[in-house]
file target-v3.txt (compact mmCIF, C-alpha atoms)
# COMPACT_ATOMS: atom_id res chain seq x y z
CA MET A 61 -94.15 -61.12 -24.45
CA THR A 62 -93.97 -60.89 -28.23
CA GLU A 63 -92.73 -57.81 -30.07
CA SER A 64 -96.27 -57.08 -31.29
CA ASP A 65 -97.61 -57.32 -27.70
CA ALA A 66 -94.85 -55.03 -26.43
CA ARG A 67 -95.57 -52.56 -29.24
CA ARG A 68 -99.33 -52.63 -28.56
CA ASP A 69 -98.71 -52.02 -24.84
CA TYR A 70 -96.08 -49.28 -25.32
CA ARG A 71 -96.71 -45.95 -23.63
CA PRO A 72 -94.06 -43.22 -23.44
CA GLY A 73 -92.05 -43.03 -20.23
CA PRO A 74 -91.77 -39.84 -18.15
CA LEU A 75 -90.38 -36.62 -19.63
CA ARG A 76 -86.61 -36.43 -19.79
CA HIS A 77 -84.22 -33.53 -19.49
CA ALA A 78 -84.45 -31.38 -22.60
CA GLU A 79 -83.42 -27.82 -23.36
CA ALA A 80 -83.14 -25.71 -26.50
CA ARG A 81 -80.59 -22.91 -26.79
CA PRO A 82 -79.37 -20.65 -29.57
CA ASP A 83 -76.36 -21.96 -31.47
CA GLY A 84 -75.21 -19.22 -33.82
CA THR A 85 -77.97 -18.86 -36.41
CA ARG A 86 -79.40 -22.24 -35.44
CA TRP A 87 -80.75 -23.95 -32.32
CA ALA A 88 -79.35 -26.83 -30.29
CA LEU A 89 -81.77 -29.24 -28.62
CA THR A 90 -80.04 -31.14 -25.83
CA PHE A 91 -81.77 -34.30 -24.73
CA VAL A 92 -80.43 -36.43 -21.85
CA ARG A 93 -81.31 -40.00 -21.03
CA GLU A 94 -79.98 -42.41 -18.39
CA PHE A 95 -79.31 -46.05 -19.32
CA THR A 96 -78.14 -49.07 -17.33
CA HIS A 97 -76.40 -50.61 -20.35
CA SER A 98 -72.69 -50.63 -21.13
CA PRO A 99 -71.08 -47.98 -23.33
CA ALA A 100 -70.40 -50.71 -25.91
CA ALA A 101 -74.09 -51.68 -26.06
CA LEU A 102 -75.16 -48.03 -26.46
CA TRP A 103 -72.46 -47.46 -29.10
CA THR A 104 -73.66 -50.46 -31.08
CA ALA A 105 -77.27 -49.23 -30.93
CA LEU A 106 -76.13 -45.82 -32.27
CA THR A 107 -73.87 -47.13 -35.04
CA ASP A 108 -74.82 -50.63 -36.17
CA PRO A 109 -76.92 -50.67 -39.37
CA GLY A 110 -78.59 -53.85 -38.07
CA GLU A 111 -79.75 -52.21 -34.82
CA LEU A 112 -80.66 -48.70 -36.07
CA PRO A 113 -83.82 -49.82 -37.95
CA GLN A 114 -85.11 -51.40 -34.74
CA TRP A 115 -85.37 -48.05 -32.90
CA ALA A 116 -84.14 -45.01 -34.86
CA PRO A 117 -86.04 -42.72 -37.26
CA TYR A 118 -83.50 -43.64 -39.94
CA THR A 119 -81.48 -46.52 -41.30
CA ALA A 120 -77.83 -46.30 -42.38
CA ASP A 121 -76.12 -47.74 -45.42
CA ARG A 122 -73.05 -48.59 -43.32
CA ASP A 123 -71.77 -48.81 -39.76
CA LEU A 124 -71.58 -45.26 -38.40
CA GLY A 125 -68.64 -46.11 -36.13
CA THR A 126 -66.07 -44.64 -38.53
CA VAL A 127 -65.63 -41.16 -40.00
CA GLY A 128 -66.77 -40.63 -43.56
CA PRO A 129 -69.80 -40.33 -45.82
CA ALA A 130 -72.94 -42.34 -45.16
CA THR A 131 -76.53 -42.28 -46.32
CA LEU A 132 -79.24 -42.10 -43.68
CA THR A 133 -82.68 -43.04 -44.90
CA MET A 134 -85.64 -41.61 -43.00
CA VAL A 135 -88.43 -44.13 -42.63
CA ASP A 136 -92.10 -43.16 -42.33
CA GLY A 137 -94.29 -46.13 -43.13
CA PRO A 138 -93.72 -46.98 -46.80
CA ASP A 139 -92.01 -43.60 -47.46
CA ARG A 140 -88.20 -43.42 -47.60
CA ILE A 141 -86.13 -40.23 -47.84
CA GLU A 142 -82.36 -40.50 -48.29
CA LEU A 143 -80.27 -37.82 -46.57
CA ASP A 144 -76.55 -37.09 -46.24
CA GLY A 145 -75.28 -38.65 -43.04
CA THR A 146 -71.57 -37.83 -43.01
CA VAL A 147 -69.91 -39.01 -39.79
CA THR A 148 -67.49 -36.29 -38.58
CA ARG A 149 -66.50 -37.83 -35.21
CA ALA A 150 -66.44 -41.46 -34.13
CA GLU A 151 -64.63 -42.01 -30.82
CA ALA A 152 -65.91 -45.41 -29.73
CA PRO A 153 -67.66 -45.90 -27.41
CA HIS A 154 -68.16 -42.33 -26.18
CA VAL A 155 -68.63 -39.74 -28.96
CA LEU A 156 -70.47 -39.93 -32.27
CA GLU A 157 -71.22 -36.90 -34.43
CA HIS A 158 -72.87 -36.99 -37.81
CA ALA A 159 -74.99 -34.96 -40.18
CA TRP A 160 -78.57 -35.96 -40.80
CA GLY A 161 -79.51 -33.85 -43.77
CA ASP A 162 -79.00 -30.24 -42.56
CA ASP A 163 -79.13 -31.25 -38.88
CA VAL A 164 -76.12 -32.31 -36.82
CA LEU A 165 -76.42 -35.02 -34.16
CA LEU A 166 -73.77 -35.21 -31.43
CA TRP A 167 -74.16 -38.25 -29.19
CA THR A 168 -72.06 -38.59 -26.03
CA ILE A 169 -71.98 -41.53 -23.64
CA GLU A 170 -70.66 -40.90 -20.11
CA GLU A 171 -70.36 -43.22 -17.14
CA THR A 172 -72.27 -41.90 -14.11
CA GLY A 173 -71.43 -44.48 -11.46
CA GLU A 174 -74.98 -45.82 -11.60
CA GLY A 175 -75.01 -46.47 -15.33
CA MET A 176 -74.57 -44.42 -18.47
CA ARG A 177 -75.78 -40.99 -19.47
CA LEU A 178 -76.58 -40.61 -23.16
CA THR A 179 -76.70 -36.99 -24.26
CA LEU A 180 -77.93 -36.03 -27.70
CA ARG A 181 -77.23 -32.53 -28.98
CA HIS A 182 -79.38 -32.12 -32.09
CA THR A 183 -78.68 -28.90 -34.01
CA LEU A 184 -81.83 -27.59 -35.72
CA ASP A 185 -82.67 -24.71 -38.05
CA ASP A 186 -85.77 -23.61 -36.15
CA GLN A 187 -86.46 -23.40 -32.41
CA ARG A 188 -90.15 -24.09 -33.10
CA THR A 189 -89.32 -27.70 -34.07
CA ALA A 190 -87.44 -28.43 -30.82
CA ALA A 191 -90.45 -29.86 -28.92
CA MET A 192 -91.58 -32.12 -31.74
CA THR A 193 -88.00 -33.31 -32.17
CA ALA A 194 -87.67 -33.98 -28.42
CA ALA A 195 -90.95 -35.94 -28.47
CA GLY A 196 -89.67 -38.05 -31.36
CA TRP A 197 -86.31 -38.76 -29.73
CA HIS A 198 -88.08 -39.55 -26.45
CA MET A 199 -90.06 -42.31 -28.14
CA CYS A 200 -87.09 -43.58 -30.15
CA LEU A 201 -84.95 -43.86 -27.04
CA ASP A 202 -87.76 -45.60 -25.13
CA VAL A 203 -87.74 -48.18 -27.94
CA ALA A 204 -83.91 -48.36 -27.90
CA GLU A 205 -83.96 -49.04 -24.16
CA ALA A 206 -86.51 -51.84 -24.61
CA LEU A 207 -84.32 -53.30 -27.38
CA LEU A 208 -81.22 -53.18 -25.17
CA ASP A 209 -83.23 -54.78 -22.35
CA GLY A 210 -84.01 -57.70 -24.67
CA ASN A 211 -87.68 -56.69 -25.08
CA PRO A 212 -87.83 -55.29 -28.64
CA ILE A 213 -90.84 -53.17 -29.53
CA GLY A 214 -89.92 -52.30 -33.10
CA PRO A 215 -89.55 -48.75 -34.39
CA ILE A 216 -92.25 -46.19 -33.56
CA VAL A 217 -91.45 -43.38 -35.97
CA GLY A 218 -93.06 -40.95 -38.37
CA ALA A 219 -96.85 -40.90 -38.60
CA ASP A 220 -97.04 -44.17 -36.64
CA ALA A 221 -95.81 -42.31 -33.52
CA MET A 222 -99.15 -40.45 -33.45
CA ASN A 223 -100.76 -43.73 -32.36
CA TYR A 224 -98.49 -44.07 -29.31
CA GLY A 225 -98.68 -40.75 -27.46
CA TRP A 226 -96.47 -38.48 -29.56
CA ARG A 227 -98.94 -35.57 -29.49
CA ALA A 228 -99.07 -35.53 -25.68
CA LEU A 229 -95.25 -35.65 -25.51
CA ASN A 230 -95.03 -32.84 -28.06
CA GLU A 231 -97.33 -30.67 -25.92
CA GLN A 232 -95.40 -31.47 -22.73
CA TYR A 233 -92.02 -30.74 -24.30
CA SER A 234 -93.47 -27.56 -25.86
CA GLU A 235 -94.38 -26.36 -22.37
CA ARG A 236 -90.98 -27.36 -20.96
CA LEU A 237 -89.07 -25.65 -23.81
CA GLY A 238 -91.33 -22.58 -24.00
CA VAL A 239 -92.40 -23.05 -27.63
CA GLU A 240 -95.79 -23.43 -29.30
CA PRO A 241 -96.57 -27.06 -30.19
CA ILE A 242 -96.44 -27.85 -33.89
CA ASP A 243 -98.63 -30.60 -35.32
CA PRO A 244 -96.89 -31.89 -38.46
CA THR A 245 -100.17 -33.45 -39.69
CA LEU A 246 -101.77 -30.02 -40.13
CA PRO A 247 -101.14 -27.89 -43.20

call {"tool": "encode", "arguments": {"input": "target-v3.txt", "output": "C-alpha cells"}}
result
Amino acid sequence: MTESDARRDYRPGPLRHAEARPDGTRWALTFVREFTHSPAALWTALTDPGELPQWAPYTADRDLGTVGPATLTMVDGPDRIELDGTVTRAEAPHVLEHAWGDDVLLWTIEETGEGMRLTLRHTLDDQRTAAMTAAGWHMCLDVAEALLDGNPIGPIVGADAMNYGWRALNEQYSERLGVEPIDPTLP
C-alpha cells in the first residue's frame, strides 16, 4: 500500500486513556498509548528531526535528544509558526521533556512486559483546550505507530486533521474529560 493510499484510508483508532487535572495555575493533560516497538524506536520518533515531520504537529531544527535550546516549527498546511522548544530533560530512551511555546511536553517510555507504554503529559494554560489537544495527539500517535510499523501515512495535522475524523475525536474526548468541545475553525 502506498503512503497516499494509507493516508486516504486512515481512520482514527479507538479512544485512549486521557485525563486532565489542575497543575498549579495550569492544566496537565495526560495521554497514554501502548506500543509494541522498542524504547529506542520510540525515542527516535520523538527526537529525530528526520522522523518528527512524518507524524508530529511540529518539526525541530535539531535532534531533541540532548538538553538545550531548539526551535519547534508548527506546521499547518503552508503555514509555519516557530516556537521555543527548549529541551529540559533528555534521558534516552525513557524521558524527554521540552517546551513547545508556553506548553511543556513530558514524554515517558516504560516497558510493560507486553510492549511499551508511552505517556505524554502536556501542560496547558486552559482546561477547555484539553479535548482538542487529546484529539490531535491521538491522530499524531496513530500516524507515528503506522510509521514505526513501516506503513507511513504522512502527517495529519492542523486543518488537514478535520478531513480525517478530528471533530468526532474532539467530541469524544470532550465527553471523557468533562469539557465542552471547542471547534478551532469557528470564530

call {"tool": "residues_around", "arguments": {"input": "target-v3.txt", "residues": "A:Gly214", "least_positions_apart": "4", "cutoff": "7 Å", "atoms": "only C-alpha atoms", "output": "list in words"}}
result
Glu63, Arg67, Gln114, Trp115 and Val203 of chain A

call {"tool": "write_last_selection", "arguments": {"input": "target-v3.txt", "atoms": "C-alpha atoms", "output": "PDB file, in the frame of the given file"}}
result
ATOM      1  CA  GLU A  63     -92.730 -57.810 -30.070  1.00  0.00           C
ATOM      2  CA  ARG A  67     -95.570 -52.560 -29.240  1.00  0.00           C
ATOM      3  CA  GLN A 114     -85.110 -51.400 -34.740  1.00  0.00           C
ATOM      4  CA  TRP A 115     -85.370 -48.050 -32.900  1.00  0.00           C
ATOM      5  CA  VAL A 203     -87.740 -48.180 -27.940  1.00  0.00           C
TER       6      VAL A 203
END

call {"tool": "atom_distance", "arguments": {"input": "target-v3.txt", "atom1": "atom CA of A:Asp243", "atom2": "atom CA of A:Trp197"}}
result
15.8 Å

call {"tool": "atom_distance", "arguments": {"input": "target-v3.txt", "atom1": "atom CA of A:Arg71", "atom2": "atom CA of A:Pro99"}}
result
25.7 Å

call {"tool": "residues_around", "arguments": {"input": "target-v3.txt", "residues": "A:Thr148", "least_positions_apart": "2", "cutoff": "7 Å", "atoms": "all atoms listed in the file", "output": "short mmCIF file (atom, residue, chain, number, x, y, z; two decimals) with C-alpha atoms, in the coordinates of the input"}}
result
data_model
loop_
_atom_site.label_atom_id
_atom_site.label_comp_id
_atom_site.auth_asym_id
_atom_site.auth_seq_id
_atom_site.Cartn_x
_atom_site.Cartn_y
_atom_site.Cartn_z
CA VAL A 127 -65.63 -41.16 -40.00
CA GLY A 128 -66.77 -40.63 -43.56
CA THR A 146 -71.57 -37.83 -43.01
CA ALA A 150 -66.44 -41.46 -34.13
CA GLU A 157 -71.22 -36.90 -34.43
CA HIS A 158 -72.87 -36.99 -37.81
#

call {"tool": "residues_around", "arguments": {"input": "target-v3.txt", "residues": "A:Thr179", "least_positions_apart": "3", "cutoff": "9 Å", "atoms": "all atoms listed in the file", "output": "number ranges by chain"}}
result
A: 90-94, 166-170

call {"tool": "residues_around", "arguments": {"input": "target-v3.txt", "residues": "A:Asp209", "least_positions_apart": "5", "cutoff": "10 Å", "atoms": "all atoms listed in the file", "output": "MDAnalysis selection string"}}
result
chainID A and resid 96:97 203:204

call {"tool": "closest_residue", "arguments": {"input": "target-v3.txt", "among": "A:Pro82, A:Thr119, A:Ala66, A:Gly73", "to": "A:Trp226", "atoms": "only C-alpha atoms"}}
result
A:Gly73

call {"tool": "closest_residue", "arguments": {"input": "target-v3.txt", "among": "A:Pro129, A:Gly137, A:Gly225, A:Pro72", "to": "A:Pro117", "atoms": "all atoms listed in the file"}}
result
A:Gly137

call {"tool": "build_atoms", "arguments": {"input": "target-v3.txt", "residues": "stretch 104-126 of chain A", "atoms": "N, CA and C atoms", "output": "PDB file, keeping the file's coordinate frame"}}
result
ATOM      1  N   THR A 104     -73.153 -49.577 -30.031  1.00  0.00           N
ATOM      2  CA  THR A 104     -73.660 -50.460 -31.080  1.00  0.00           C
ATOM      3  C   THR A 104     -75.052 -50.033 -31.521  1.00  0.00           C
ATOM      4  N   ALA A 105     -75.915 -49.688 -30.570  1.00  0.00           N
ATOM      5  CA  ALA A 105     -77.270 -49.230 -30.930  1.00  0.00           C
ATOM      6  C   ALA A 105     -77.222 -47.979 -31.792  1.00  0.00           C
ATOM      7  N   LEU A 106     -76.246 -47.083 -31.526  1.00  0.00           N
ATOM      8  CA  LEU A 106     -76.130 -45.820 -32.270  1.00  0.00           C
ATOM      9  C   LEU A 106     -75.485 -45.983 -33.637  1.00  0.00           C
ATOM     10  N   THR A 107     -74.690 -47.031 -33.829  1.00  0.00           N
ATOM     11  CA  THR A 107     -73.870 -47.130 -35.040  1.00  0.00           C
ATOM     12  C   THR A 107     -74.160 -48.303 -35.948  1.00  0.00           C
ATOM     13  N   ASP A 108     -74.668 -49.382 -35.416  1.00  0.00           N
ATOM     14  CA  ASP A 108     -74.820 -50.630 -36.170  1.00  0.00           C
ATOM     15  C   ASP A 108     -76.023 -50.555 -37.118  1.00  0.00           C
ATOM     16  N   PRO A 109     -75.807 -50.742 -38.422  1.00  0.00           N
ATOM     17  CA  PRO A 109     -76.920 -50.670 -39.370  1.00  0.00           C
ATOM     18  C   PRO A 109     -77.949 -51.782 -39.176  1.00  0.00           C
ATOM     19  N   GLY A 110     -77.619 -52.806 -38.401  1.00  0.00           N
ATOM     20  CA  GLY A 110     -78.590 -53.850 -38.070  1.00  0.00           C
ATOM     21  C   GLY A 110     -79.474 -53.473 -36.896  1.00  0.00           C
ATOM     22  N   GLU A 111     -78.961 -52.618 -35.990  1.00  0.00           N
ATOM     23  CA  GLU A 111     -79.750 -52.210 -34.820  1.00  0.00           C
ATOM     24  C   GLU A 111     -80.527 -50.916 -35.061  1.00  0.00           C
ATOM     25  N   LEU A 112     -79.988 -49.994 -35.841  1.00  0.00           N
ATOM     26  CA  LEU A 112     -80.660 -48.700 -36.070  1.00  0.00           C
ATOM     27  C   LEU A 112     -82.112 -48.852 -36.533  1.00  0.00           C
ATOM     28  N   PRO A 113     -82.424 -49.734 -37.487  1.00  0.00           N
ATOM     29  CA  PRO A 113     -83.820 -49.820 -37.950  1.00  0.00           C
ATOM     30  C   PRO A 113     -84.787 -50.343 -36.883  1.00  0.00           C
ATOM     31  N   GLN A 114     -84.249 -50.864 -35.784  1.00  0.00           N
ATOM     32  CA  GLN A 114     -85.110 -51.400 -34.740  1.00  0.00           C
ATOM     33  C   GLN A 114     -85.570 -50.328 -33.748  1.00  0.00           C
ATOM     34  N   TRP A 115     -84.974 -49.096 -33.841  1.00  0.00           N
ATOM     35  CA  TRP A 115     -85.370 -48.050 -32.900  1.00  0.00           C
ATOM     36  C   TRP A 115     -85.295 -46.633 -33.456  1.00  0.00           C
ATOM     37  N   ALA A 116     -84.423 -46.372 -34.403  1.00  0.00           N
ATOM     38  CA  ALA A 116     -84.140 -45.010 -34.860  1.00  0.00           C
ATOM     39  C   ALA A 116     -85.106 -44.561 -35.962  1.00  0.00           C
ATOM     40  N   PRO A 117     -85.191 -43.233 -36.187  1.00  0.00           N
ATOM     41  CA  PRO A 117     -86.040 -42.720 -37.260  1.00  0.00           C
ATOM     42  C   PRO A 117     -85.377 -42.811 -38.628  1.00  0.00           C
ATOM     43  N   TYR A 118     -84.230 -43.481 -38.678  1.00  0.00           N
ATOM     44  CA  TYR A 118     -83.500 -43.640 -39.940  1.00  0.00           C
ATOM     45  C   TYR A 118     -82.749 -44.963 -39.932  1.00  0.00           C
ATOM     46  N   THR A 119     -82.386 -45.397 -41.132  1.00  0.00           N
ATOM     47  CA  THR A 119     -81.480 -46.520 -41.300  1.00  0.00           C
ATOM     48  C   THR A 119     -80.179 -45.962 -41.877  1.00  0.00           C
ATOM     49  N   ALA A 120     -79.118 -46.745 -41.838  1.00  0.00           N
ATOM     50  CA  ALA A 120     -77.830 -46.300 -42.380  1.00  0.00           C
ATOM     51  C   ALA A 120     -77.333 -47.327 -43.387  1.00  0.00           C
ATOM     52  N   ASP A 121     -76.647 -46.833 -44.399  1.00  0.00           N
ATOM     53  CA  ASP A 121     -76.120 -47.740 -45.420  1.00  0.00           C
ATOM     54  C   ASP A 121     -74.809 -48.392 -45.006  1.00  0.00           C
ATOM     55  N   ARG A 122     -74.288 -48.006 -43.824  1.00  0.00           N
ATOM     56  CA  ARG A 122     -73.050 -48.590 -43.320  1.00  0.00           C
ATOM     57  C   ARG A 122     -72.984 -48.381 -41.818  1.00  0.00           C
ATOM     58  N   ASP A 123     -72.020 -49.025 -41.179  1.00  0.00           N
ATOM     59  CA  ASP A 123     -71.770 -48.810 -39.760  1.00  0.00           C
ATOM     60  C   ASP A 123     -71.314 -47.365 -39.575  1.00  0.00           C
ATOM     61  N   LEU A 124     -71.910 -46.663 -38.622  1.00  0.00           N
ATOM     62  CA  LEU A 124     -71.580 -45.260 -38.400  1.00  0.00           C
ATOM     63  C   LEU A 124     -70.412 -45.082 -37.425  1.00  0.00           C
ATOM     64  N   GLY A 125     -69.736 -46.156 -37.089  1.00  0.00           N
ATOM     65  CA  GLY A 125     -68.640 -46.110 -36.130  1.00  0.00           C
ATOM     66  C   GLY A 125     -67.319 -45.628 -36.683  1.00  0.00           C
ATOM     67  N   THR A 126     -67.288 -45.195 -37.948  1.00  0.00           N
ATOM     68  CA  THR A 126     -66.070 -44.640 -38.530  1.00  0.00           C
ATOM     69  C   THR A 126     -66.422 -43.356 -39.278  1.00  0.00           C
TER      70      THR A 126
END
